[in-house]
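Q: Got protein_36.txt for you, compact mmCIF, N, CA and C atoms:
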```txt
# COMPACT_ATOMS: atom_id res chain seq x y z
N MET P 1 -65.26 -124.39 123.15
CA MET P 1 -64.04 -123.87 123.73
C MET P 1 -64.30 -122.48 124.28
N MET P 2 -63.79 -122.23 125.45
CA MET P 2 -63.90 -120.92 126.05
C MET P 2 -62.49 -120.36 126.18
N LYS P 3 -62.26 -119.17 125.69
CA LYS P 3 -60.94 -118.56 125.76
C LYS P 3 -60.91 -117.62 126.95
N THR P 4 -59.86 -117.71 127.75
CA THR P 4 -59.70 -116.83 128.90
C THR P 4 -58.83 -115.65 128.52
N SER P 5 -58.78 -114.67 129.39
CA SER P 5 -57.96 -113.49 129.11
C SER P 5 -56.48 -113.82 129.04
N ALA P 6 -56.08 -114.94 129.63
CA ALA P 6 -54.67 -115.32 129.61
C ALA P 6 -54.29 -116.01 128.31
N GLY P 7 -55.26 -116.20 127.41
CA GLY P 7 -54.97 -116.87 126.15
C GLY P 7 -55.08 -118.38 126.25
N THR P 8 -55.46 -118.85 127.40
CA THR P 8 -55.66 -120.29 127.55
C THR P 8 -57.10 -120.61 127.18
N GLN P 9 -57.34 -121.87 126.87
CA GLN P 9 -58.68 -122.28 126.50
C GLN P 9 -59.13 -123.41 127.39
N LEU P 10 -60.39 -123.37 127.79
CA LEU P 10 -60.96 -124.46 128.54
C LEU P 10 -61.76 -125.32 127.58
N ALA P 11 -61.49 -126.62 127.59
CA ALA P 11 -62.21 -127.51 126.70
C ALA P 11 -63.68 -127.59 127.07
N ARG P 12 -63.96 -127.51 128.34
CA ARG P 12 -65.32 -127.51 128.86
C ARG P 12 -65.38 -126.49 129.98
N ARG P 13 -66.53 -125.97 130.23
CA ARG P 13 -66.66 -125.07 131.38
C ARG P 13 -66.42 -125.84 132.65
N ALA P 14 -65.57 -125.31 133.48
CA ALA P 14 -65.31 -125.96 134.76
C ALA P 14 -66.54 -125.76 135.64
N PRO P 15 -66.93 -126.78 136.41
CA PRO P 15 -68.07 -126.62 137.30
C PRO P 15 -67.77 -125.58 138.37
N GLN P 16 -68.80 -125.00 138.95
CA GLN P 16 -68.63 -124.00 140.00
C GLN P 16 -67.88 -124.60 141.20
N VAL P 17 -68.21 -125.84 141.54
CA VAL P 17 -67.51 -126.55 142.60
C VAL P 17 -66.58 -127.54 141.92
N PRO P 18 -65.26 -127.42 142.12
CA PRO P 18 -64.35 -128.32 141.43
C PRO P 18 -64.68 -129.78 141.71
N ASP P 19 -64.63 -130.58 140.69
CA ASP P 19 -64.90 -132.01 140.78
C ASP P 19 -63.57 -132.69 141.06
N ILE P 20 -63.36 -133.12 142.30
CA ILE P 20 -62.06 -133.68 142.66
C ILE P 20 -61.80 -135.04 142.01
N ASP P 21 -62.84 -135.64 141.44
CA ASP P 21 -62.66 -136.93 140.77
C ASP P 21 -62.14 -136.78 139.36
N ARG P 22 -62.15 -135.58 138.81
CA ARG P 22 -61.69 -135.36 137.44
C ARG P 22 -60.33 -134.68 137.46
N ALA P 23 -59.37 -135.30 136.80
CA ALA P 23 -58.02 -134.73 136.73
C ALA P 23 -58.03 -133.50 135.84
N ILE P 24 -57.25 -132.51 136.23
CA ILE P 24 -57.10 -131.29 135.43
C ILE P 24 -55.79 -131.38 134.67
N VAL P 25 -55.89 -131.28 133.35
CA VAL P 25 -54.74 -131.38 132.46
C VAL P 25 -54.43 -130.02 131.87
N LEU P 26 -53.18 -129.63 131.91
CA LEU P 26 -52.71 -128.44 131.21
C LEU P 26 -51.95 -128.94 129.98
N PHE P 27 -52.48 -128.64 128.80
CA PHE P 27 -51.90 -129.11 127.53
C PHE P 27 -51.24 -127.92 126.85
N VAL P 28 -49.93 -128.00 126.61
CA VAL P 28 -49.18 -126.87 126.08
C VAL P 28 -48.52 -127.24 124.75
N SER P 29 -48.94 -126.53 123.70
CA SER P 29 -48.37 -126.74 122.37
C SER P 29 -48.60 -125.49 121.53
N GLY P 30 -47.65 -125.17 120.70
CA GLY P 30 -47.81 -124.06 119.77
C GLY P 30 -48.68 -124.42 118.58
N ASP P 31 -49.03 -125.67 118.44
CA ASP P 31 -49.84 -126.16 117.32
C ASP P 31 -51.33 -126.05 117.67
N ASP P 32 -52.00 -125.08 117.05
CA ASP P 32 -53.42 -124.84 117.34
C ASP P 32 -54.28 -126.08 117.12
N ASP P 33 -54.04 -126.77 116.01
CA ASP P 33 -54.85 -127.95 115.70
C ASP P 33 -54.63 -129.06 116.72
N LEU P 34 -53.40 -129.27 117.12
CA LEU P 34 -53.10 -130.30 118.11
C LEU P 34 -53.77 -129.97 119.44
N ARG P 35 -53.71 -128.70 119.86
CA ARG P 35 -54.38 -128.31 121.11
C ARG P 35 -55.87 -128.58 121.05
N THR P 36 -56.50 -128.25 119.92
CA THR P 36 -57.94 -128.44 119.77
C THR P 36 -58.31 -129.92 119.82
N VAL P 37 -57.58 -130.73 119.07
CA VAL P 37 -57.88 -132.17 119.03
C VAL P 37 -57.59 -132.81 120.38
N ALA P 38 -56.47 -132.47 120.99
CA ALA P 38 -56.12 -133.06 122.28
C ALA P 38 -57.15 -132.69 123.35
N ALA P 39 -57.61 -131.44 123.34
CA ALA P 39 -58.63 -131.03 124.31
C ALA P 39 -59.91 -131.83 124.12
N ARG P 40 -60.27 -132.07 122.87
CA ARG P 40 -61.47 -132.86 122.59
C ARG P 40 -61.30 -134.30 123.06
N VAL P 41 -60.18 -134.91 122.71
CA VAL P 41 -59.92 -136.31 123.08
C VAL P 41 -59.87 -136.46 124.60
N LEU P 42 -59.11 -135.61 125.25
CA LEU P 42 -58.96 -135.71 126.70
C LEU P 42 -60.27 -135.38 127.42
N GLY P 43 -61.01 -134.41 126.90
CA GLY P 43 -62.31 -134.07 127.47
C GLY P 43 -63.27 -135.24 127.41
N ARG P 44 -63.26 -135.95 126.30
CA ARG P 44 -64.13 -137.13 126.16
C ARG P 44 -63.72 -138.25 127.10
N GLU P 45 -62.46 -138.24 127.51
CA GLU P 45 -61.99 -139.26 128.46
C GLU P 45 -62.23 -138.85 129.90
N GLY P 46 -62.87 -137.70 130.10
CA GLY P 46 -63.25 -137.28 131.45
C GLY P 46 -62.33 -136.29 132.12
N PHE P 47 -61.30 -135.84 131.42
CA PHE P 47 -60.41 -134.84 131.99
C PHE P 47 -60.99 -133.45 131.83
N LEU P 48 -60.66 -132.56 132.75
CA LEU P 48 -60.88 -131.12 132.55
C LEU P 48 -59.60 -130.62 131.91
N VAL P 49 -59.70 -129.95 130.77
CA VAL P 49 -58.51 -129.59 130.00
C VAL P 49 -58.39 -128.08 129.87
N VAL P 50 -57.19 -127.60 130.17
CA VAL P 50 -56.82 -126.20 129.94
C VAL P 50 -55.69 -126.25 128.94
N THR P 51 -55.77 -125.44 127.89
CA THR P 51 -54.72 -125.43 126.89
C THR P 51 -53.98 -124.10 126.90
N ALA P 52 -52.72 -124.15 126.49
CA ALA P 52 -51.91 -122.93 126.38
C ALA P 52 -51.04 -123.06 125.14
N ALA P 53 -50.84 -121.93 124.47
CA ALA P 53 -50.06 -121.91 123.23
C ALA P 53 -48.56 -121.84 123.48
N HIS P 54 -48.16 -121.40 124.66
CA HIS P 54 -46.74 -121.30 124.98
C HIS P 54 -46.55 -121.31 126.49
N ALA P 55 -45.29 -121.36 126.89
CA ALA P 55 -44.97 -121.50 128.31
C ALA P 55 -45.49 -120.32 129.14
N GLY P 56 -45.46 -119.13 128.59
CA GLY P 56 -45.95 -117.96 129.34
C GLY P 56 -47.40 -118.12 129.75
N HIS P 57 -48.24 -118.55 128.81
CA HIS P 57 -49.65 -118.78 129.14
C HIS P 57 -49.79 -119.94 130.12
N ALA P 58 -48.95 -120.95 129.98
CA ALA P 58 -49.01 -122.10 130.88
C ALA P 58 -48.65 -121.69 132.31
N VAL P 59 -47.64 -120.85 132.47
CA VAL P 59 -47.26 -120.37 133.80
C VAL P 59 -48.39 -119.54 134.40
N LEU P 60 -49.00 -118.69 133.59
CA LEU P 60 -50.13 -117.89 134.07
C LEU P 60 -51.28 -118.79 134.52
N ALA P 61 -51.56 -119.83 133.74
CA ALA P 61 -52.61 -120.78 134.13
C ALA P 61 -52.22 -121.46 135.44
N GLY P 62 -50.96 -121.80 135.59
CA GLY P 62 -50.49 -122.44 136.81
C GLY P 62 -50.64 -121.56 138.03
N LEU P 63 -50.52 -120.26 137.84
CA LEU P 63 -50.68 -119.32 138.95
C LEU P 63 -52.14 -119.06 139.29
N THR P 64 -53.02 -119.21 138.32
CA THR P 64 -54.43 -118.88 138.55
C THR P 64 -55.29 -120.08 138.91
N LEU P 65 -54.86 -121.27 138.57
CA LEU P 65 -55.64 -122.46 138.89
C LEU P 65 -55.24 -123.00 140.26
N ASP P 66 -56.22 -123.46 141.02
CA ASP P 66 -55.94 -124.03 142.33
C ASP P 66 -55.23 -125.37 142.22
N ARG P 67 -55.48 -126.06 141.13
CA ARG P 67 -54.94 -127.41 140.98
C ARG P 67 -54.67 -127.72 139.52
N ILE P 68 -53.52 -128.31 139.25
CA ILE P 68 -53.21 -128.92 137.95
C ILE P 68 -52.62 -130.28 138.29
N ASP P 69 -53.21 -131.32 137.73
CA ASP P 69 -52.77 -132.67 138.04
C ASP P 69 -51.73 -133.19 137.04
N LEU P 70 -51.86 -132.75 135.80
CA LEU P 70 -51.02 -133.30 134.74
C LEU P 70 -50.67 -132.23 133.73
N LEU P 71 -49.39 -132.17 133.39
CA LEU P 71 -48.91 -131.29 132.32
C LEU P 71 -48.56 -132.17 131.13
N ILE P 72 -49.16 -131.86 129.98
CA ILE P 72 -48.75 -132.47 128.72
C ILE P 72 -48.19 -131.32 127.90
N SER P 73 -46.91 -131.40 127.59
CA SER P 73 -46.23 -130.28 126.94
C SER P 73 -45.28 -130.77 125.88
N GLU P 74 -45.05 -129.89 124.90
CA GLU P 74 -43.99 -130.12 123.93
C GLU P 74 -42.68 -130.20 124.71
N MET P 75 -41.79 -131.06 124.29
CA MET P 75 -40.48 -131.16 124.92
C MET P 75 -39.72 -129.84 124.71
N VAL P 76 -39.91 -129.26 123.52
CA VAL P 76 -39.25 -128.01 123.18
C VAL P 76 -40.33 -127.00 122.79
N LEU P 77 -40.47 -125.96 123.59
CA LEU P 77 -41.39 -124.86 123.29
C LEU P 77 -40.56 -123.68 122.78
N ASP P 78 -41.23 -122.72 122.13
CA ASP P 78 -40.50 -121.57 121.60
C ASP P 78 -39.85 -120.73 122.70
N ASP P 79 -40.51 -120.65 123.88
CA ASP P 79 -40.04 -119.73 124.91
C ASP P 79 -39.42 -120.41 126.13
N MET P 80 -39.43 -121.74 126.19
CA MET P 80 -38.88 -122.43 127.35
C MET P 80 -38.90 -123.94 127.08
N PRO P 81 -37.89 -124.67 127.51
CA PRO P 81 -37.96 -126.13 127.37
C PRO P 81 -39.09 -126.70 128.24
N GLY P 82 -39.74 -127.74 127.77
CA GLY P 82 -40.83 -128.35 128.51
C GLY P 82 -40.46 -128.77 129.92
N PRO P 83 -39.30 -129.43 130.13
CA PRO P 83 -38.93 -129.80 131.50
C PRO P 83 -38.74 -128.59 132.43
N ALA P 84 -38.25 -127.48 131.91
CA ALA P 84 -38.11 -126.26 132.72
C ALA P 84 -39.49 -125.72 133.09
N LEU P 85 -40.43 -125.79 132.15
CA LEU P 85 -41.80 -125.38 132.45
C LEU P 85 -42.38 -126.24 133.56
N ALA P 86 -42.17 -127.54 133.47
CA ALA P 86 -42.69 -128.46 134.49
C ALA P 86 -42.12 -128.11 135.87
N GLU P 87 -40.83 -127.86 135.95
CA GLU P 87 -40.22 -127.51 137.23
C GLU P 87 -40.79 -126.20 137.79
N ARG P 88 -41.02 -125.26 136.92
CA ARG P 88 -41.59 -123.98 137.36
C ARG P 88 -43.01 -124.17 137.88
N LEU P 89 -43.81 -124.98 137.19
CA LEU P 89 -45.18 -125.23 137.63
C LEU P 89 -45.22 -126.02 138.93
N ARG P 90 -44.24 -126.87 139.17
CA ARG P 90 -44.21 -127.66 140.41
C ARG P 90 -44.02 -126.80 141.65
N ARG P 91 -43.59 -125.58 141.49
CA ARG P 91 -43.48 -124.66 142.64
C ARG P 91 -44.86 -124.41 143.25
N HIS P 92 -45.90 -124.47 142.42
CA HIS P 92 -47.27 -124.21 142.89
C HIS P 92 -48.13 -125.47 142.88
N HIS P 93 -47.69 -126.49 142.17
CA HIS P 93 -48.45 -127.74 142.04
C HIS P 93 -47.48 -128.90 142.25
N ALA P 94 -47.15 -129.15 143.50
CA ALA P 94 -46.09 -130.09 143.85
C ALA P 94 -46.28 -131.50 143.29
N GLY P 95 -47.50 -131.96 143.19
CA GLY P 95 -47.75 -133.31 142.71
C GLY P 95 -47.92 -133.43 141.21
N LEU P 96 -47.55 -132.39 140.49
CA LEU P 96 -47.74 -132.36 139.03
C LEU P 96 -47.01 -133.51 138.35
N ARG P 97 -47.75 -134.28 137.55
CA ARG P 97 -47.16 -135.33 136.72
C ARG P 97 -46.99 -134.76 135.32
N THR P 98 -46.05 -135.31 134.56
CA THR P 98 -45.77 -134.75 133.24
C THR P 98 -45.70 -135.82 132.17
N LEU P 99 -46.14 -135.41 130.99
CA LEU P 99 -45.98 -136.20 129.77
C LEU P 99 -45.50 -135.21 128.71
N PHE P 100 -44.38 -135.54 128.08
CA PHE P 100 -43.83 -134.66 127.06
C PHE P 100 -44.05 -135.24 125.68
N MET P 101 -44.21 -134.34 124.71
CA MET P 101 -44.35 -134.71 123.30
C MET P 101 -43.05 -134.32 122.60
N ALA P 102 -42.52 -135.25 121.81
CA ALA P 102 -41.26 -134.99 121.11
C ALA P 102 -41.43 -135.29 119.63
N ASP P 103 -40.54 -134.74 118.85
CA ASP P 103 -40.57 -134.94 117.40
C ASP P 103 -40.10 -136.33 117.02
N TYR P 104 -40.51 -136.74 115.84
CA TYR P 104 -40.12 -138.01 115.25
C TYR P 104 -38.61 -138.17 115.32
N GLY P 105 -38.16 -139.35 115.67
CA GLY P 105 -36.74 -139.61 115.76
C GLY P 105 -36.21 -139.58 117.18
N THR P 106 -36.99 -139.02 118.09
CA THR P 106 -36.61 -139.01 119.49
C THR P 106 -36.83 -140.40 120.06
N PRO P 107 -35.89 -140.94 120.81
CA PRO P 107 -36.09 -142.27 121.39
C PRO P 107 -37.29 -142.28 122.34
N GLU P 108 -38.10 -143.33 122.24
CA GLU P 108 -39.26 -143.48 123.13
C GLU P 108 -38.77 -143.64 124.56
N GLY P 109 -39.61 -143.26 125.50
CA GLY P 109 -39.26 -143.43 126.90
C GLY P 109 -40.46 -143.16 127.78
N ASP P 110 -40.32 -143.47 129.06
CA ASP P 110 -41.40 -143.19 130.01
C ASP P 110 -41.63 -141.69 130.08
N GLY P 111 -42.88 -141.31 130.10
CA GLY P 111 -43.22 -139.90 130.19
C GLY P 111 -43.01 -139.14 128.90
N LEU P 112 -42.92 -139.88 127.78
CA LEU P 112 -42.67 -139.25 126.49
C LEU P 112 -43.50 -139.93 125.41
N VAL P 113 -44.16 -139.14 124.60
CA VAL P 113 -44.88 -139.65 123.44
C VAL P 113 -44.27 -138.98 122.21
N VAL P 114 -43.98 -139.79 121.19
CA VAL P 114 -43.25 -139.30 120.01
C VAL P 114 -44.22 -139.12 118.85
N ARG P 115 -44.07 -137.99 118.16
CA ARG P 115 -44.88 -137.70 116.98
C ARG P 115 -44.47 -138.55 115.82
N PRO P 116 -45.35 -138.89 114.94
CA PRO P 116 -46.79 -138.70 115.06
C PRO P 116 -47.38 -139.74 116.00
N PHE P 117 -48.38 -139.34 116.76
CA PHE P 117 -49.03 -140.27 117.66
C PHE P 117 -50.54 -140.19 117.46
N THR P 118 -51.19 -141.28 117.83
CA THR P 118 -52.64 -141.36 117.69
C THR P 118 -53.29 -141.13 119.05
N ARG P 119 -54.58 -141.05 119.03
CA ARG P 119 -55.37 -140.95 120.26
C ARG P 119 -55.00 -142.10 121.19
N ASP P 120 -54.93 -143.31 120.63
CA ASP P 120 -54.63 -144.48 121.44
C ASP P 120 -53.23 -144.42 122.04
N HIS P 121 -52.25 -143.91 121.28
CA HIS P 121 -50.90 -143.75 121.81
C HIS P 121 -50.90 -142.77 122.99
N LEU P 122 -51.60 -141.66 122.83
CA LEU P 122 -51.67 -140.66 123.90
C LEU P 122 -52.32 -141.25 125.14
N LEU P 123 -53.44 -141.94 124.97
CA LEU P 123 -54.13 -142.50 126.12
C LEU P 123 -53.32 -143.62 126.79
N ALA P 124 -52.59 -144.40 125.99
CA ALA P 124 -51.73 -145.44 126.56
C ALA P 124 -50.59 -144.82 127.37
N ALA P 125 -50.02 -143.72 126.87
CA ALA P 125 -48.96 -143.03 127.60
C ALA P 125 -49.49 -142.47 128.91
N LEU P 126 -50.72 -141.94 128.90
CA LEU P 126 -51.33 -141.43 130.12
C LEU P 126 -51.61 -142.57 131.10
N ALA P 127 -52.08 -143.70 130.60
CA ALA P 127 -52.35 -144.86 131.46
C ALA P 127 -51.05 -145.35 132.10
N SER P 128 -49.98 -145.39 131.32
CA SER P 128 -48.68 -145.80 131.84
C SER P 128 -48.19 -144.84 132.91
N LEU P 129 -48.39 -143.56 132.68
CA LEU P 129 -48.00 -142.54 133.64
C LEU P 129 -48.78 -142.70 134.93
N ALA P 130 -50.09 -142.95 134.83
CA ALA P 130 -50.94 -143.14 136.00
C ALA P 130 -50.52 -144.39 136.77
N ALA P 131 -50.21 -145.47 136.04
CA ALA P 131 -49.79 -146.71 136.68
C ALA P 131 -48.47 -146.52 137.43
N THR P 132 -47.56 -145.77 136.85
CA THR P 132 -46.28 -145.49 137.49
C THR P 132 -46.47 -144.66 138.74
N ALA P 133 -47.39 -143.69 138.69
CA ALA P 133 -47.63 -142.81 139.82
C ALA P 133 -48.26 -143.54 141.00
N THR P 134 -49.02 -144.62 140.73
CA THR P 134 -49.70 -145.33 141.80
C THR P 134 -49.01 -146.62 142.22
N SER P 135 -47.89 -146.98 141.55
CA SER P 135 -47.19 -148.22 141.90
C SER P 135 -46.42 -148.02 143.20
N PRO P 136 -46.23 -149.09 143.98
CA PRO P 136 -45.52 -148.99 145.24
C PRO P 136 -44.08 -148.54 145.10
N ALA P 137 -43.47 -148.80 143.93
CA ALA P 137 -42.07 -148.44 143.72
C ALA P 137 -41.87 -146.96 143.49
N SER P 138 -42.95 -146.20 143.21
CA SER P 138 -42.76 -144.77 142.92
C SER P 138 -42.85 -143.89 144.13
```
Please rewrite the model in this file as structure tokens.
A:
Amino acid sequence: MMKTSAGTQLARRAPQVPDIDRAIVLFVSGDDDLRTVAARVLGREGFLVVTAAHAGHAVLAGLTLDRIDLLISEMVLDDMPGPALAERLRRHHAGLRTLFMADYGTPEGDGLVVRPFTRDHLLAALASLAATATSPAS
């Protein structure tokens, strides 16, 4: 893990020339352990992962990165609701797709993964999100 001055962490060093075939994921959670595990899981799946502990760091990452393809965020962050963060990031990353994480008891839905979830649940939610983004109806 490499920590940047903005408090975000890169799961892997980004190549000097951006690899357009690899999606860039911004993962936002106040849970240090969840950020670490998610960065590892997503990195192994071929994503470039940037993590942030709160919305402020996520917005800063959004302003400094040329591209963010996917936001995975807590539905409720300490400093801003996840959907509000997504809307703010879309000002600079118009095609940003989102997946939100919610606490146990929240009804399941598209674009939402409910805790506790496994690696397989997370990857299935991402696959569903990708399928929705590429379907003719979207």
Q: Need the shell around Ala58 (chain P): protein/DNA/RNA residues with any atom at most 8 Å away, counting only C-alpha atoms. Skip same-chain ones fewer than 5 positions apart. Format as a PyMOL selection string?
A: chain P and resi 8+26+28+51-53
Q: So which one's closest to Arg97 (chain P), P:Asp120, P:Asp69, P:Asp33, P:Glu74? Using all atoms listed in the file, please.
A: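 Distance minimum relative to Arg97 (chain P) lands on P:Asp69.
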Q: For Phe27 (chain P), work out the shell of residues within 7 Å, counting only C-alpha atoms and skipping chain neighbours fewer than 5 positions away, then give it as number ranges by chain.
A: P: 35, 50-52, 71-73
Q: Among chain P, which ones does DSSP assign to alpha helix (DSSP H) (computed from the backbone)? Answer as number ranges by chain.
A: P: 32-44, 55-64, 82-90, 119-134
Q: For Pro81 (chain P), find every residue with an atom within 12 Å (counting only C-alpha atoms), except residues of its own chain fewer than 3 positions away, and show them as a list in words.
A: Val28, Ser29, His54, Ala55, Gly56, Ser73, Glu74, Met75, Val76, Leu77, Asp78, Ala84, Leu85, Ala86, Glu87, Arg88, Phe100, Met101 and Ala102 of chain P
Q: What does the distance from atom N of His92 (chain P) to atom N of Leu65 (chain P) come to in Å, to one decimal?
A: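 Interatomic distance, atom N of His92 (chain P) to atom N of Leu65 (chain P): 10.3 Å.
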Q: Any chance you could work out the axis-aligned box around region 20-30 of chain P, listed atoms only, 4 Å on each side, giving centre and edge lengths in Å to one decimal, as lines of an AutoDock Vina configuration file?
A:
```
center_x = -55.5
center_y = -130.5
center_z = 130.6
size_x = 23.7
size_y = 20.9
size_z = 32.1
```
Q: Could you pull region 29-102 of chain P out of the block above and give me C-alpha atoms, as a JSON list (two decimals), in the first residue's frame?
A:
```json
[["chain", "number", "residue", "atom", "x", "y", "z"],
["P", 29, "SER", "CA", -15.09, 3.53, 3.94],
["P", 30, "GLY", "CA", -14.22, 4.63, 7.44],
["P", 31, "ASP", "CA", -13.37, 1.00, 8.26],
["P", 32, "ASP", "CA", -9.59, 0.58, 7.89],
["P", 33, "ASP", "CA", -9.78, -3.21, 7.73],
["P", 34, "LEU", "CA", -12.50, -3.19, 5.10],
["P", 35, "ARG", "CA", -10.52, -0.75, 2.93],
["P", 36, "THR", "CA", -7.42, -2.94, 3.18],
["P", 37, "VAL", "CA", -9.23, -6.19, 2.35],
["P", 38, "ALA", "CA", -11.30, -4.63, -0.44],
["P", 39, "ALA", "CA", -8.19, -3.11, -2.04],
["P", 40, "ARG", "CA", -6.51, -6.52, -1.96],
["P", 41, "VAL", "CA", -9.54, -8.35, -3.39],
["P", 42, "LEU", "CA", -10.21, -5.79, -6.11],
["P", 43, "GLY", "CA", -6.51, -5.51, -6.96],
["P", 44, "ARG", "CA", -6.34, -9.27, -7.48],
["P", 45, "GLU", "CA", -9.30, -8.97, -9.82],
["P", 46, "GLY", "CA", -7.34, -6.53, -11.99],
["P", 47, "PHE", "CA", -8.69, -3.21, -10.78],
["P", 48, "LEU", "CA", -6.51, -0.24, -9.90],
["P", 49, "VAL", "CA", -7.78, 0.73, -6.45],
["P", 50, "VAL", "CA", -7.64, 4.05, -4.62],
["P", 51, "THR", "CA", -9.03, 4.08, -1.09],
["P", 52, "ALA", "CA", -10.28, 6.94, 1.05],
["P", 53, "ALA", "CA", -11.32, 7.02, 4.70],
["P", 54, "HIS", "CA", -14.00, 9.68, 4.23],
["P", 55, "ALA", "CA", -15.75, 11.81, 1.64],
["P", 56, "GLY", "CA", -13.23, 14.66, 1.91],
["P", 57, "HIS", "CA", -10.37, 12.41, 0.84],
["P", 58, "ALA", "CA", -12.57, 10.90, -1.87],
["P", 59, "VAL", "CA", -13.37, 14.33, -3.32],
["P", 60, "LEU", "CA", -9.67, 15.23, -3.27],
["P", 61, "ALA", "CA", -8.87, 11.98, -5.10],
["P", 62, "GLY", "CA", -11.61, 12.81, -7.60],
["P", 63, "LEU", "CA", -10.02, 16.18, -8.29],
["P", 64, "THR", "CA", -6.50, 14.81, -8.69],
["P", 65, "LEU", "CA", -7.16, 11.66, -10.73],
["P", 66, "ASP", "CA", -7.76, 11.93, -14.46],
["P", 67, "ARG", "CA", -10.21, 9.07, -14.38],
["P", 68, "ILE", "CA", -12.36, 7.17, -11.88],
["P", 69, "ASP", "CA", -14.54, 4.46, -13.35],
["P", 70, "LEU", "CA", -16.27, 3.13, -10.26],
["P", 71, "LEU", "CA", -17.09, 4.43, -6.80],
["P", 72, "ILE", "CA", -17.69, 1.88, -4.05],
["P", 73, "SER", "CA", -18.80, 3.79, -0.98],
["P", 74, "GLU", "CA", -20.60, 3.41, 2.30],
["P", 75, "MET", "CA", -24.21, 4.50, 1.88],
["P", 76, "VAL", "CA", -23.72, 6.65, 4.98],
["P", 77, "LEU", "CA", -20.34, 8.29, 5.62],
["P", 78, "ASP", "CA", -19.50, 10.43, 8.65],
["P", 79, "ASP", "CA", -19.13, 13.60, 6.58],
["P", 80, "MET", "CA", -21.51, 13.12, 3.63],
["P", 81, "PRO", "CA", -24.09, 10.62, 2.36],
["P", 82, "GLY", "CA", -22.66, 8.24, -0.25],
["P", 83, "PRO", "CA", -25.12, 9.29, -2.99],
["P", 84, "ALA", "CA", -24.19, 12.97, -2.44],
["P", 85, "LEU", "CA", -20.51, 12.02, -2.77],
["P", 86, "ALA", "CA", -21.27, 10.21, -6.03],
["P", 87, "GLU", "CA", -23.07, 13.25, -7.45],
["P", 88, "ARG", "CA", -20.18, 15.51, -6.50],
["P", 89, "LEU", "CA", -17.63, 13.19, -8.12],
["P", 90, "ARG", "CA", -19.73, 12.99, -11.30],
["P", 91, "ARG", "CA", -19.00, 16.68, -11.89],
["P", 92, "HIS", "CA", -15.47, 15.60, -12.87],
["P", 93, "HIS", "CA", -16.09, 11.96, -13.83],
["P", 94, "ALA", "CA", -19.35, 11.95, -15.78],
["P", 95, "GLY", "CA", -19.39, 8.20, -16.48],
["P", 96, "LEU", "CA", -18.84, 7.22, -12.85],
["P", 97, "ARG", "CA", -20.69, 4.05, -11.86],
["P", 98, "THR", "CA", -21.53, 3.44, -8.21],
["P", 99, "LEU", "CA", -21.93, 0.59, -5.79],
["P", 100, "PHE", "CA", -23.00, 1.40, -2.24],
["P", 101, "MET", "CA", -22.46, -0.62, 0.93],
["P", 102, "ALA", "CA", -25.24, -0.61, 3.51]]
```
